[in-house]
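These notes concern the structure reproduced below.
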Amino acid sequence: MQGHLYIISGCSGVGKGTLLKKFLENNPEIKLSISATTRQPRKGEENGVNYFFISREEFLNSVKNNEFLEWAEFSGNYYGTKLNFTQKTLNSGTDLILEIDVQGAKQVKEKMPEAVSIFIMPPSVEELEQRLRGRHTEDEQTIQKRLHEVSREIEAGKTFDYKIVNDNLDTALMKLEQIFKGGSK
Ligand code: ADP
Ligand code: 5GP
């Protein structure tokens, strides 16, 4: 049997990474796809663990060779999901999560409508900004660029199969677990 594909999107700083880390600790049989990106690694991020950090030239070569299931430019950098890994994982019967932006989510839904899409909402834009700043991983210009995407992303989030507000982390985690227990839509 094929594995189920899940797409998780949400504004930068909403808590996707935090939620997914906890979720995957509780559900080690589910895999998270490691994307390729042209952005610089943050302190503590490792190549092949958080992302495959590659040059713009390498990225565009992969685009040309149709190696991506989806890809997008977000806030000045390229991000993409490797098609090969996605197919192999799903064919082996393993459930797979793509943590990607809303542009990538749209592309995946067009190609694989059976994918379950989940949009993580912030309790408020003010709280989102506080979380993004509180993370201390981006400079002011990068924070501004990311905040600039928020309303477009929240608008796009309306088309997702499920929405979860990440206010209390444990409550959001429980809601995520419930969606996965459903297995599909
Ligand atoms: P994303 O992966 O969506 O960019 P992160 O997981 O890095 O976001 O979270 C951004 C910041 O918000 C982190 O400092 C994290 O600890 C914090 N955070 C995540 N979820 C919550 C929550 N439910 N309540 C308060 N702070 C949170
Ligand atoms: P960050 O730089 O904070 O790690 O990620 C920025 C944005 O890029 C987030 O919205 C994240 O979900 C998205 N992203 C990460 N990997 C991919 C990918 O492979 N494809 C697309 N389209 N977006 C991605």
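Chain labels follow the order of the structure tokens: the first chain is A, the next B, and so on; residue numbering restarts at 1 in every chain, and ligands are counted from 1 in their shown order.
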
Next item on the list: Around ligand 1, at most 10 Å away and counting only C-alpha atoms and all ligand atoms, which residues are there? Put them as a ChimeraX atom specification, please.
Entry: /A:8-21,99,120-123,127-137,146,165-173

Next item on the list: Name the residues, by chain letter and number, that sit within 10 Å of ligand 2 using only C-alpha atoms and all ligand atoms, and give them as a ChimeraX atom specification.
Entry: /A:7-14,16-17,33-42,45,50-52,68-82,98-108,132,137-138,142,146,149,153

Note to self: I'd like the interatomic distance between CA of Lys31 in chain A and CA of Asn91 in chain A, to a tenth of an Å.
What the structure shows: 12.8 Å

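When the distance limit is 8 Å and only C-alpha atoms are what count, the residues near Ile30 in chain A, minus those fewer than 6 positions from it on the same chain, are Leu24, Thr94, Asp95, Leu96 and Ile97 of chain A.
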
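Separating CA of Leu90 in chain A from CA of Leu5 in chain A is a distance of 7.4 Å.
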